[in-house]
file structure_10.txt (compact mmCIF, C-alpha atoms)
# COMPACT_ATOMS: atom_id res chain seq x y z
CA MET X 106 270.78 109.81 142.34
CA ASP X 107 273.11 107.82 144.54
CA VAL X 108 275.68 105.37 143.26
CA LYS X 109 273.40 102.36 143.52
CA GLU X 110 270.66 104.11 141.57
CA THR X 111 273.14 105.30 138.92
CA ALA X 112 274.50 101.78 138.51
CA GLU X 113 270.98 100.46 138.19
CA ALA X 114 270.02 103.13 135.69
CA VAL X 115 273.08 102.37 133.56
CA ALA X 116 272.37 98.67 133.90
CA ARG X 117 268.78 99.10 132.72
CA ALA X 118 269.70 101.39 129.85
CA SER X 119 272.76 99.54 128.58
CA TYR X 120 272.13 95.91 129.41
CA GLY X 121 270.89 94.77 126.01
CA LYS X 122 273.36 96.90 124.15
CA LEU X 123 276.30 95.47 126.09
CA VAL X 124 275.09 91.86 125.89
CA ALA X 125 274.53 92.25 122.15
CA PHE X 126 277.96 93.76 121.63
CA LEU X 127 279.77 91.07 123.63
CA ALA X 128 277.73 88.11 122.38
CA ALA X 129 278.00 89.20 118.74
CA ARG X 130 281.74 88.51 118.97
CA THR X 131 281.73 85.27 120.94
CA ARG X 132 278.22 83.97 120.10
CA ASP X 133 278.09 82.94 123.74
CA VAL X 134 275.08 84.75 125.16
CA ALA X 135 275.18 83.04 128.54
CA ALA X 136 278.87 83.92 129.02
CA ALA X 137 278.19 87.53 128.00
CA GLU X 138 275.35 87.74 130.54
CA ASP X 139 277.50 86.25 133.30
CA ALA X 140 280.38 88.61 132.54
CA LEU X 141 278.06 91.61 132.61
CA ALA X 142 276.48 90.51 135.87
CA GLU X 143 279.97 90.38 137.38
CA ALA X 144 280.82 93.78 135.91
CA PHE X 145 277.69 95.31 137.48
CA ALA X 146 278.58 93.74 140.83
CA THR X 147 282.08 95.20 140.55
CA ALA X 148 280.60 98.60 139.75
CA LEU X 149 278.41 98.50 142.83
CA ALA X 150 281.44 97.61 144.94
CA GLU X 151 283.88 100.16 143.45
CA TRP X 152 281.87 103.19 142.38
CA PRO X 153 280.86 104.33 145.88
CA SER X 154 284.52 104.82 146.91
CA ARG X 155 286.13 105.69 143.57
CA GLY X 156 283.29 107.66 142.07
CA ILE X 157 281.18 107.01 139.00
CA PRO X 158 283.32 106.82 135.85
CA ARG X 159 282.89 109.48 133.18
CA THR X 160 281.60 106.92 130.69
CA PRO X 161 279.93 104.24 132.83
CA GLU X 162 278.91 102.16 129.82
CA ALA X 163 282.45 101.90 128.45
CA TRP X 164 283.73 101.12 131.95
CA LEU X 165 281.24 98.27 132.30
CA LEU X 166 282.14 96.94 128.87
CA THR X 167 285.85 96.92 129.67
CA VAL X 168 285.33 95.09 132.96
CA ALA X 169 282.89 92.63 131.38
CA ARG X 170 285.41 91.85 128.65
CA ARG X 171 288.12 91.12 131.21
CA LYS X 172 285.71 88.77 132.97
CA LEU X 173 284.95 87.09 129.65
CA ILE X 174 288.65 86.61 128.98
CA ASP X 175 289.16 85.13 132.46
CA ALA X 176 286.24 82.79 131.93
CA ALA X 177 287.49 81.73 128.49
CA ARG X 178 290.93 81.00 129.95
CA ARG X 179 289.43 78.88 132.70
CA ARG X 180 287.16 76.97 130.37
CA GLN X 181 289.37 76.43 127.38
CA THR X 182 292.92 75.35 126.95
CA GLY X 183 295.66 75.84 124.42
CA GLU X 184 294.80 76.43 120.80
CA GLU X 185 291.09 76.18 121.36
CA ALA X 186 291.10 79.34 123.43
CA ALA X 187 293.46 81.35 121.27
CA PRO X 188 291.00 82.86 118.75
CA THR X 189 288.48 83.95 121.39
CA LEU X 190 291.17 85.45 123.58
CA ALA X 191 292.83 87.26 120.71
CA LEU X 192 289.50 88.69 119.60
CA LEU X 193 288.58 89.89 123.04
CA ALA X 194 292.01 91.26 123.88
CA GLU X 195 292.13 93.25 120.66
CA GLU X 196 288.87 94.96 121.42
CA LEU X 197 289.84 95.49 125.03
CA VAL X 198 292.63 97.75 123.78
CA ASP X 199 290.15 99.66 121.62
CA ALA X 200 287.78 100.30 124.47
CA ALA X 201 290.50 101.28 126.91
CA GLU X 202 291.77 103.94 124.55
CA GLY X 203 288.94 106.32 125.19
CA ASP X 204 285.49 107.36 124.11
CA VAL X 205 284.70 104.47 121.86
CA GLN X 206 281.14 104.60 120.62
CA ILE X 207 279.54 101.28 121.46
CA PRO X 208 277.43 100.39 118.42
CA ASP X 209 273.84 99.39 119.10
CA GLU X 210 273.63 95.83 117.85
CA ARG X 211 270.45 94.89 119.66
CA LEU X 212 268.48 94.38 116.48
CA ARG X 213 271.11 91.90 115.24
CA LEU X 214 270.90 90.00 118.51
CA MET X 215 267.11 90.00 118.32
CA PHE X 216 267.14 88.42 114.89
CA ALA X 217 269.78 85.89 115.97
CA CYS X 218 267.45 84.85 118.81
CA ALA X 219 264.66 84.46 116.24
CA HIS X 220 266.75 82.12 114.05
CA PRO X 221 265.02 79.00 112.68
CA ALA X 222 267.54 76.82 114.54
CA ILE X 223 266.00 78.01 117.82
CA ASP X 224 262.82 76.33 119.00
CA GLU X 225 259.95 78.52 117.83
CA GLY X 226 258.28 78.82 121.23
CA VAL X 227 261.38 80.15 122.96
CA ARG X 228 262.44 82.80 120.43
CA ALA X 229 260.50 85.72 121.90
CA PRO X 230 261.38 84.78 125.52
CA LEU X 231 265.03 84.56 124.53
CA ILE X 232 264.92 88.07 123.09
CA LEU X 233 263.30 89.34 126.26
CA GLN X 234 266.03 87.89 128.40
CA THR X 235 269.13 88.60 126.34
CA VAL X 236 268.25 91.95 124.79
CA LEU X 237 266.10 93.40 127.52
CA GLY X 238 267.37 91.69 130.65
CA PHE X 239 263.99 90.29 131.75
CA ASP X 240 264.15 87.54 134.35
CA ALA X 241 262.51 84.17 133.72
CA ALA X 242 259.61 84.92 136.09
CA THR X 243 258.64 88.13 134.29
CA ILE X 244 258.86 86.43 130.91
CA ALA X 245 256.83 83.47 132.14
CA SER X 246 254.04 85.78 133.30
CA ALA X 247 253.73 87.36 129.84
CA PHE X 248 253.22 83.88 128.39
CA LEU X 249 251.12 82.65 131.32
CA VAL X 250 253.49 79.71 131.92
CA ALA X 251 255.51 78.44 134.91
CA PRO X 252 258.82 80.29 135.63
CA ALA X 253 260.88 77.11 136.17
CA ALA X 254 259.95 75.66 132.79
CA MET X 255 260.72 78.99 131.14
CA GLY X 256 264.15 79.15 132.82
CA GLN X 257 265.16 75.72 131.51
CA ARG X 258 264.05 76.51 127.99
CA LEU X 259 266.09 79.71 127.99
CA VAL X 260 269.26 77.92 129.08
CA ARG X 261 268.83 75.35 126.30
CA ALA X 262 268.23 78.06 123.71
CA LYS X 263 271.41 79.93 124.64
CA ASN X 264 273.43 76.74 124.26
CA ARG X 265 271.85 76.28 120.88
CA ILE X 266 273.00 79.72 119.66
CA ARG X 267 276.58 78.85 120.54
CA GLN X 268 276.53 75.30 119.21
CA ALA X 269 274.76 76.13 115.96
CA GLY X 270 277.02 79.12 115.31
CA ILE X 271 274.07 81.36 114.56
CA PRO X 272 275.25 84.60 112.95
CA PHE X 273 274.41 87.90 114.58
CA ARG X 274 272.98 89.91 111.74
CA VAL X 275 269.71 91.28 110.44
CA PRO X 276 268.71 88.72 107.79
CA GLU X 277 268.05 89.46 104.15
CA ARG X 278 264.54 90.34 103.12
CA GLU X 279 263.59 86.75 102.18
CA GLU X 280 264.41 85.27 105.60
CA LEU X 281 263.23 88.27 107.47
CA ALA X 282 259.50 87.66 107.50
CA GLU X 283 259.68 84.27 109.21
CA ARG X 284 261.77 85.69 112.02
CA LEU X 285 259.75 88.81 112.39
CA ASP X 286 256.98 87.32 114.51
CA ALA X 287 259.22 86.53 117.48
CA VAL X 288 260.82 89.99 117.32
CA LEU X 289 257.42 91.70 117.26
CA GLN X 290 256.16 89.60 120.16
CA ALA X 291 259.17 90.46 122.28
CA ILE X 292 258.73 94.17 121.59
CA TYR X 293 255.05 93.84 122.51
CA ALA X 294 255.93 92.18 125.82
CA VAL X 295 258.46 94.91 126.64
CA PHE X 296 255.92 97.61 125.96
CA THR X 297 253.27 95.82 128.04
CA GLU X 298 255.59 95.68 131.05
CA GLY X 299 256.31 99.40 130.84
CA TRP X 300 252.74 100.44 130.03
CA ALA X 301 251.48 98.77 133.21
CA ASP X 302 253.39 101.41 135.18
CA PRO X 303 252.63 104.73 133.45
CA ALA X 304 254.01 106.90 136.23
CA GLY X 305 257.36 105.06 136.21
CA THR X 306 257.17 104.35 139.93
CA GLN X 307 258.95 101.00 139.71
CA PRO X 308 262.64 101.13 138.66
CA ARG X 309 262.38 97.68 137.08
CA THR X 310 259.82 98.79 134.51
CA ARG X 311 260.88 102.43 134.07
CA ASN X 312 261.33 103.45 130.42
CA LEU X 313 260.27 100.05 129.12
CA ALA X 314 257.35 101.55 127.21
CA GLU X 315 259.73 103.99 125.47
CA GLU X 316 262.12 101.13 124.84
CA GLY X 317 259.34 99.11 123.19
CA ILE X 318 258.32 102.06 121.03
CA TRP X 319 261.94 102.75 120.09
CA LEU X 320 262.44 99.14 118.99
CA GLY X 321 259.05 99.21 117.26
CA ARG X 322 260.04 102.28 115.27
CA LEU X 323 263.33 100.66 114.33
CA VAL X 324 261.63 97.53 113.01
CA ALA X 325 258.85 99.48 111.25
CA SER X 326 261.41 101.69 109.50
CA LEU X 327 263.40 98.62 108.49
CA LEU X 328 260.30 96.82 107.21
CA PRO X 329 257.81 99.42 106.02
CA GLN X 330 256.04 96.78 103.92
CA GLU X 331 255.25 94.50 106.88
CA PRO X 332 251.72 95.37 108.05
CA GLU X 333 252.12 93.64 111.42
CA ALA X 334 255.25 95.70 112.20
CA LEU X 335 253.22 98.85 111.47
CA GLY X 336 250.26 97.48 113.44
CA LEU X 337 252.42 96.83 116.50
CA LEU X 338 253.84 100.35 116.41
CA ALA X 339 250.34 101.78 115.96
CA LEU X 340 248.98 99.89 118.96
CA MET X 341 251.88 100.95 121.17
CA LEU X 342 251.54 104.61 120.17
CA HIS X 343 247.79 104.54 120.81
CA ALA X 344 248.23 103.01 124.25
CA ASP X 345 251.09 105.36 125.08
CA ALA X 346 249.06 108.40 123.98
CA ARG X 347 246.86 107.87 127.06
CA ARG X 348 249.78 107.66 129.48
CA ASP X 349 249.35 111.05 131.20
CA ALA X 350 245.59 110.65 131.42
CA ARG X 351 245.83 107.28 133.18
CA ARG X 352 247.02 108.77 136.46
CA GLY X 353 245.63 111.74 138.36
CA ALA X 354 247.43 114.66 140.00
CA GLN X 355 248.21 112.57 143.09
CA GLY X 356 249.28 109.55 141.06
CA GLU X 357 245.93 107.84 141.51
CA PHE X 358 244.54 105.42 138.95
CA VAL X 359 242.08 106.98 136.48
CA PRO X 360 239.90 104.41 134.67
CA LEU X 361 239.41 104.74 130.92
CA ALA X 362 235.85 106.08 131.07
CA ALA X 363 236.92 108.81 133.49
CA GLN X 364 239.97 109.86 131.48
CA ASP X 365 239.89 113.33 129.99
CA ALA X 366 240.30 112.70 126.24
CA ALA X 367 241.84 116.17 125.92
CA ARG X 368 244.82 114.82 127.90
CA TRP X 369 245.48 112.10 125.34
CA ASN X 370 248.51 112.89 123.21
CA ALA X 371 246.97 113.96 119.89
CA ALA X 372 250.22 113.75 117.93
CA LEU X 373 250.76 110.13 118.96
CA VAL X 374 247.13 109.25 118.20
CA ASP X 375 247.44 110.81 114.72
CA GLU X 376 250.67 108.96 114.02
CA ALA X 377 249.10 105.69 115.18
CA GLU X 378 246.05 106.22 112.97
CA ALA X 379 248.21 106.93 109.93
CA LEU X 380 250.27 103.77 110.54
CA LEU X 381 247.17 101.62 110.95
CA LEU X 382 245.68 103.03 107.77
CA ARG X 383 248.89 102.25 105.87
CA ALA X 384 248.90 98.72 107.29
CA SER X 385 245.24 98.08 106.48
CA ARG X 386 245.80 99.04 102.82
CA MET X 387 248.12 96.04 102.52
CA ALA X 388 245.08 93.82 103.18
CA GLN X 389 246.89 91.30 105.39
CA PRO X 390 245.21 91.57 108.76
CA GLY X 391 246.92 90.12 111.81
CA ARG X 392 246.94 90.09 115.56
CA PHE X 393 248.74 93.38 116.10
CA GLN X 394 246.70 95.29 113.54
CA LEU X 395 243.49 94.08 115.18
CA GLU X 396 244.73 95.10 118.64
CA ALA X 397 245.66 98.48 117.19
CA ALA X 398 242.15 98.75 115.75
CA VAL X 399 240.69 98.17 119.25
CA GLN X 400 242.92 100.96 120.56
CA SER X 401 241.82 103.13 117.66
CA ALA X 402 238.15 102.51 118.56
CA HIS X 403 238.85 103.74 122.10
CA ALA X 404 240.71 106.77 120.76
CA ALA X 405 237.66 107.68 118.64
CA ARG X 406 235.96 108.82 121.85
CA ARG X 407 238.01 112.03 121.69
CA LEU X 408 236.01 112.98 118.58
CA SER X 409 232.60 111.39 119.14
CA GLY X 410 232.41 111.53 122.92
CA GLU X 411 231.24 107.91 122.91
CA THR X 412 232.79 104.47 122.73
CA ASP X 413 231.55 102.17 119.97
CA TRP X 414 231.43 98.91 121.94
CA ALA X 415 229.76 97.06 119.06
CA ALA X 416 232.80 97.74 116.88
CA ILE X 417 235.12 96.68 119.72
CA VAL X 418 233.26 93.40 120.23
CA GLN X 419 233.55 92.71 116.50
CA LEU X 420 237.29 93.32 116.57
CA TYR X 421 237.66 91.02 119.57
CA ASP X 422 235.65 88.34 117.75
CA ALA X 423 238.15 88.53 114.90
CA LEU X 424 241.10 88.60 117.30
CA LEU X 425 239.79 85.58 119.18
CA ALA X 426 239.31 83.69 115.92
CA ILE X 427 242.95 84.08 114.91
CA THR X 428 244.64 83.84 118.33
CA GLY X 429 242.42 81.60 120.45
CA SER X 430 244.00 83.53 123.33
CA VAL X 431 242.38 83.32 126.74
CA VAL X 432 243.52 86.90 127.43
CA VAL X 433 241.67 88.10 124.33
CA ALA X 434 238.62 86.12 125.49
CA ILE X 435 238.61 87.95 128.86
CA ASN X 436 238.78 91.37 127.21
CA ARG X 437 236.07 90.35 124.77
CA ALA X 438 233.87 89.40 127.74
CA VAL X 439 234.26 92.91 129.18
CA ALA X 440 233.39 94.49 125.82
CA LEU X 441 230.37 92.15 125.55
CA ALA X 442 229.23 93.27 128.99
CA GLU X 443 229.45 96.92 127.94
CA LEU X 444 227.32 96.14 124.90
CA HIS X 445 224.79 93.60 126.21
CA GLY X 446 224.99 93.82 129.99
CA ALA X 447 227.00 92.26 132.80
CA GLU X 448 225.29 88.84 132.64
CA ARG X 449 226.45 88.27 129.07
CA GLY X 450 229.98 89.21 130.05
CA LEU X 451 229.90 86.94 133.10
CA ALA X 452 228.65 84.03 130.99
CA ALA X 453 231.61 84.55 128.63
CA LEU X 454 234.00 84.65 131.61
CA ASP X 455 232.43 81.54 133.15
CA ALA X 456 233.20 79.65 129.94
CA LEU X 457 236.91 80.23 130.62
CA HIS X 458 236.78 79.12 134.22
CA ASP X 459 238.50 75.74 133.71
CA ASP X 460 241.69 77.38 132.44
CA ALA X 461 244.17 76.90 135.29
CA ARG X 462 246.39 79.75 134.04
CA LEU X 463 243.77 82.29 135.09
CA ALA X 464 244.22 81.66 138.81
CA GLN X 465 247.24 83.99 138.79
CA TYR X 466 246.13 86.38 136.03
CA GLN X 467 245.05 89.61 137.72
CA PRO X 468 242.99 91.09 134.85
CA TYR X 469 240.72 88.03 134.91
CA TRP X 470 239.85 88.62 138.58
CA ALA X 471 239.51 92.37 138.10
CA ALA X 472 237.11 91.81 135.20
CA ARG X 473 235.16 89.21 137.17
CA ALA X 474 234.90 91.51 140.17
CA ALA X 475 233.67 94.46 138.13
CA LEU X 476 231.11 92.38 136.23
CA HIS X 477 229.74 90.80 139.43
CA ALA X 478 229.54 94.23 141.05
CA ARG X 479 227.67 95.53 138.04
CA ALA X 480 225.29 92.56 138.16
CA GLY X 481 224.60 93.23 141.84
CA ASN X 482 226.32 90.05 143.12
CA ALA X 483 228.03 91.77 146.04
CA ALA X 484 229.51 88.66 147.66
CA ALA X 485 230.96 87.26 144.43
CA ALA X 486 232.31 90.71 143.55
CA ALA X 487 234.02 91.10 146.93
CA GLU X 488 235.67 87.70 146.62
CA ALA X 489 236.97 88.44 143.11
CA TYR X 490 238.17 91.90 144.19
CA GLN X 491 240.22 90.29 146.97
CA ARG X 492 241.86 87.97 144.44
CA ALA X 493 242.55 90.90 142.09
CA ILE X 494 244.00 93.03 144.89
CA GLY X 495 246.24 90.18 146.02
CA LEU X 496 247.66 89.80 142.50
CA GLU X 497 248.15 93.52 141.82
CA SER X 498 251.61 94.98 142.36
CA ASP X 499 250.90 98.58 141.31
CA PRO X 500 249.97 100.58 144.44
CA ALA X 501 247.75 103.02 142.47
CA VAL X 502 245.66 100.22 140.94
CA ARG X 503 245.55 98.34 144.25
CA ALA X 504 244.26 101.42 146.06
CA PHE X 505 241.63 101.90 143.39
CA LEU X 506 240.47 98.27 143.64
CA GLN X 507 240.30 98.57 147.43
CA GLN X 508 238.01 101.58 147.07
CA GLN X 509 235.67 99.52 144.91
CA VAL X 510 235.20 96.90 147.61
CA HIS X 511 234.10 99.37 150.27
CA MET J 943 238.74 93.24 107.75
CA THR J 944 237.98 89.58 107.24
CA THR J 945 239.62 87.06 109.50
CA GLY J 946 239.73 84.25 106.98
CA GLU J 947 242.86 85.59 105.35
CA ALA J 948 244.57 86.48 108.60
CA LYS J 949 247.51 84.44 109.69
CA THR J 950 246.75 82.13 112.59
CA VAL J 951 248.85 82.93 115.62
CA ARG J 952 250.56 79.87 117.06
CA LYS J 953 249.86 78.72 120.58
CA GLN J 954 253.13 79.73 122.20
CA ALA J 955 252.61 83.46 122.00
CA VAL J 956 252.93 86.48 124.25
CA LEU J 957 249.40 86.62 125.65
CA ASP J 958 249.39 89.45 128.13
CA GLY J 959 249.20 92.89 126.58
CA PRO J 960 248.15 96.52 127.03
CA PHE J 961 244.43 95.74 126.86
CA ALA J 962 242.31 98.73 127.79
CA GLU J 963 239.22 96.65 128.62
CA THR J 964 240.55 94.69 131.58
CA LYS J 965 243.33 97.01 132.66
CA ASP J 966 241.74 100.43 132.28
CA ALA J 967 238.00 100.17 131.66
CA ALA J 968 236.38 97.35 133.63
CA LEU J 969 237.94 98.29 136.95
CA ALA J 970 235.68 101.31 137.30
CA TRP J 971 232.34 99.66 136.85
CA ALA J 972 231.42 99.32 140.46
CA LYS J 973 231.81 103.06 140.95
CA ARG J 974 229.79 103.95 137.89
CA HIS J 975 227.00 101.59 138.93
CA PRO J 976 226.96 101.64 142.71
CA SER J 977 225.52 98.38 143.98
CA ALA J 978 225.18 99.63 147.53
CA PRO J 979 221.69 101.21 147.68
CA TYR J 980 222.29 102.72 151.10
CA GLY J 981 225.27 104.75 149.93
CA ALA J 982 223.36 108.03 149.86
CA VAL J 983 221.37 107.66 153.10
CA GLU J 984 221.86 110.66 155.31
CA VAL J 985 222.50 110.14 158.96
CA ARG J 986 220.42 112.63 160.95
CA PRO J 987 220.01 112.94 164.64
CA VAL J 988 216.63 111.40 165.51
CA TRP J 989 215.39 114.44 167.45
CA THR J 990 215.28 116.85 164.49

call {"tool": "encode", "arguments": {"input": "structure_10.txt", "output": "structure tokens"}}
result
Amino acid sequence: MDVKETAEAVARASYGKLVAFLAARTRDVAAAEDALAEAFATALAEWPSRGIPRTPEAWLLTVARRKLIDAARRRQTGEEAAPTLALLAEELVDAAEGDVQIPDERLRLMFACAHPAIDEGVRAPLILQTVLGFDAATIASAFLVAPAAMGQRLVRAKNRIRQAGIPFRVPEREELAERLDAVLQAIYAVFTEGWADPAGTQPRTRNLAEEGIWLGRLVASLLPQEPEALGLLALMLHADARRDARRGAQGEFVPLAAQDAARWNAALVDEAEALLLRASRMAQPGRFQLEAAVQSAHAARRLSGETDWAAIVQLYDALLAITGSVVVAINRAVALAELHGAERGLAALDALHDDARLAQYQPYWAARAALHARAGNAAAAAEAYQRAIGLESDPAVRAFLQQQVH
Amino acid sequence: MTTGEAKTVRKQAVLDGPFAETKDAALAWAKRHPSAPYGAVEVRPVWT
């Protein structure tokens, strides 16, 4: 790894941890992000000539703190600045003195972002940006909304954290449940980003699936009585169990039906099944448990050799009823087509056609293309394949889609 | 599982996810059900 790659790897791995640590003290998330961005830029400028420091994370933290102090001095005057500066300077000494363990306060930051004083719709996006360093465009695509609107809402939310003096702590049990939803959604989005790239070919998404599972385990261990927390972890483990089987020896895309079930990670599947069973005994179904149940139905193929599409359609019916999500509707259409034929699936897709968000949503076009191809509508299939290929960033999936057209 | 007791998910939610149907399963349909009937036609020299 060269210096640039090392800096990027440290940035990816430590971003949320460092933002959480800095922001927990000042409650100024935007300032913490700015200071870190400057620290990373300094690293890229200095490390090539001076070498990579022994503890890159501590180095970045020290530089970021100096930047924060400079910024606080510029912004504030006199007595107003004194407490912030004293706080930061004190810790600067600590960090400079050696191998200080930087505590992982990401969970505290996540729950601060999910505080009731923050607009409900922006809680999960805020977590994605502050804790996981996602840019507004990536976050917007997970929500199927416009990047500019998302960017503005994030800026407002960060101001709100500072102005409202929201504490950075994991709330007590009573307040926990209402904040949990945003935290679970953010973890889900992180996992989705990483899962899309199972071979880890893109540095931006590398390790994100592990990160999502790590956070999911943390939350599930903290809240073992929350069925949706268990459901989310179960669904991530199920999806991750197929990771190795989703790409071939040459890195090529292997579709689900062609995957060798023996290459699915049995230990992860078993753990996921146990979690889902525990969750279902609490008799409070929810979105993540239902998605985990769909994953579980696919995993059953390793035992039965067949996929129970009737069960999957039923689960999607239930999921659609509680979410009303257009993404769920698309996946339900594919399951319907497996069960009742391509025409039924196409009819279900056609019903969604007026939704403007789908123009840029690759899975919609991929599903449309496959269903048209199956129905023998070659021209319509080719057109949809071109749209899907144009929207696909993963080279393995793009190559696979291109093969389907010819 | 009955859906009646399930909590309704609000509108502003993370929609995209690791869905096997659209991201792993559907993509392969064309290959499993070839729509091109001439795919297996052998090209032979006319004089044989």

call {"tool": "atom_distance", "arguments": {"input": "structure_10.txt", "atom1": "CA of His403 in chain X", "atom2": "CA of Thr428 in chain X"}}
result
21.1 Å

call {"tool": "interface_residues", "arguments": {"input": "structure_10.txt", "of": "chain X", "to": "chain J", "cutoff": "7 Å", "atoms": "only C-alpha atoms", "output": "PyMOL selection string"}}
result
chain X and resi 226+247-248+290+294+297+300+360-362+389-391+423+427-428+430+432+436+439-440+468+471-472+475+478-479+481+509

call {"tool": "residues_around", "arguments": {"input": "structure_10.txt", "residues": "Asn312 in chain X", "least_positions_apart": "5", "cutoff": "9 Å", "atoms": "only C-alpha atoms", "output": "list in words"}}
result
Arg117, Ala118, Gly299, Gly305 and Gly317 of chain X

call {"tool": "closest_residue", "arguments": {"input": "structure_10.txt", "among": "X:Arg180, X:Arg352, X:Arg284, X:Arg274", "to": "Ile223 in chain X", "atoms": "only C-alpha atoms"}}
result
X:Arg284

call {"tool": "atom_distance", "arguments": {"input": "structure_10.txt", "atom1": "CA of Leu476 in chain X", "atom2": "CA of Ala447 in chain X"}}
result
5.4 Å

call {"tool": "residues_around", "arguments": {"input": "structure_10.txt", "residues": "Gln364 in chain X", "least_positions_apart": "5", "cutoff": "8 Å", "atoms": "all atoms listed in the file", "output": "MDAnalysis selection string"}}
result
chainID X and resid 350:351 359
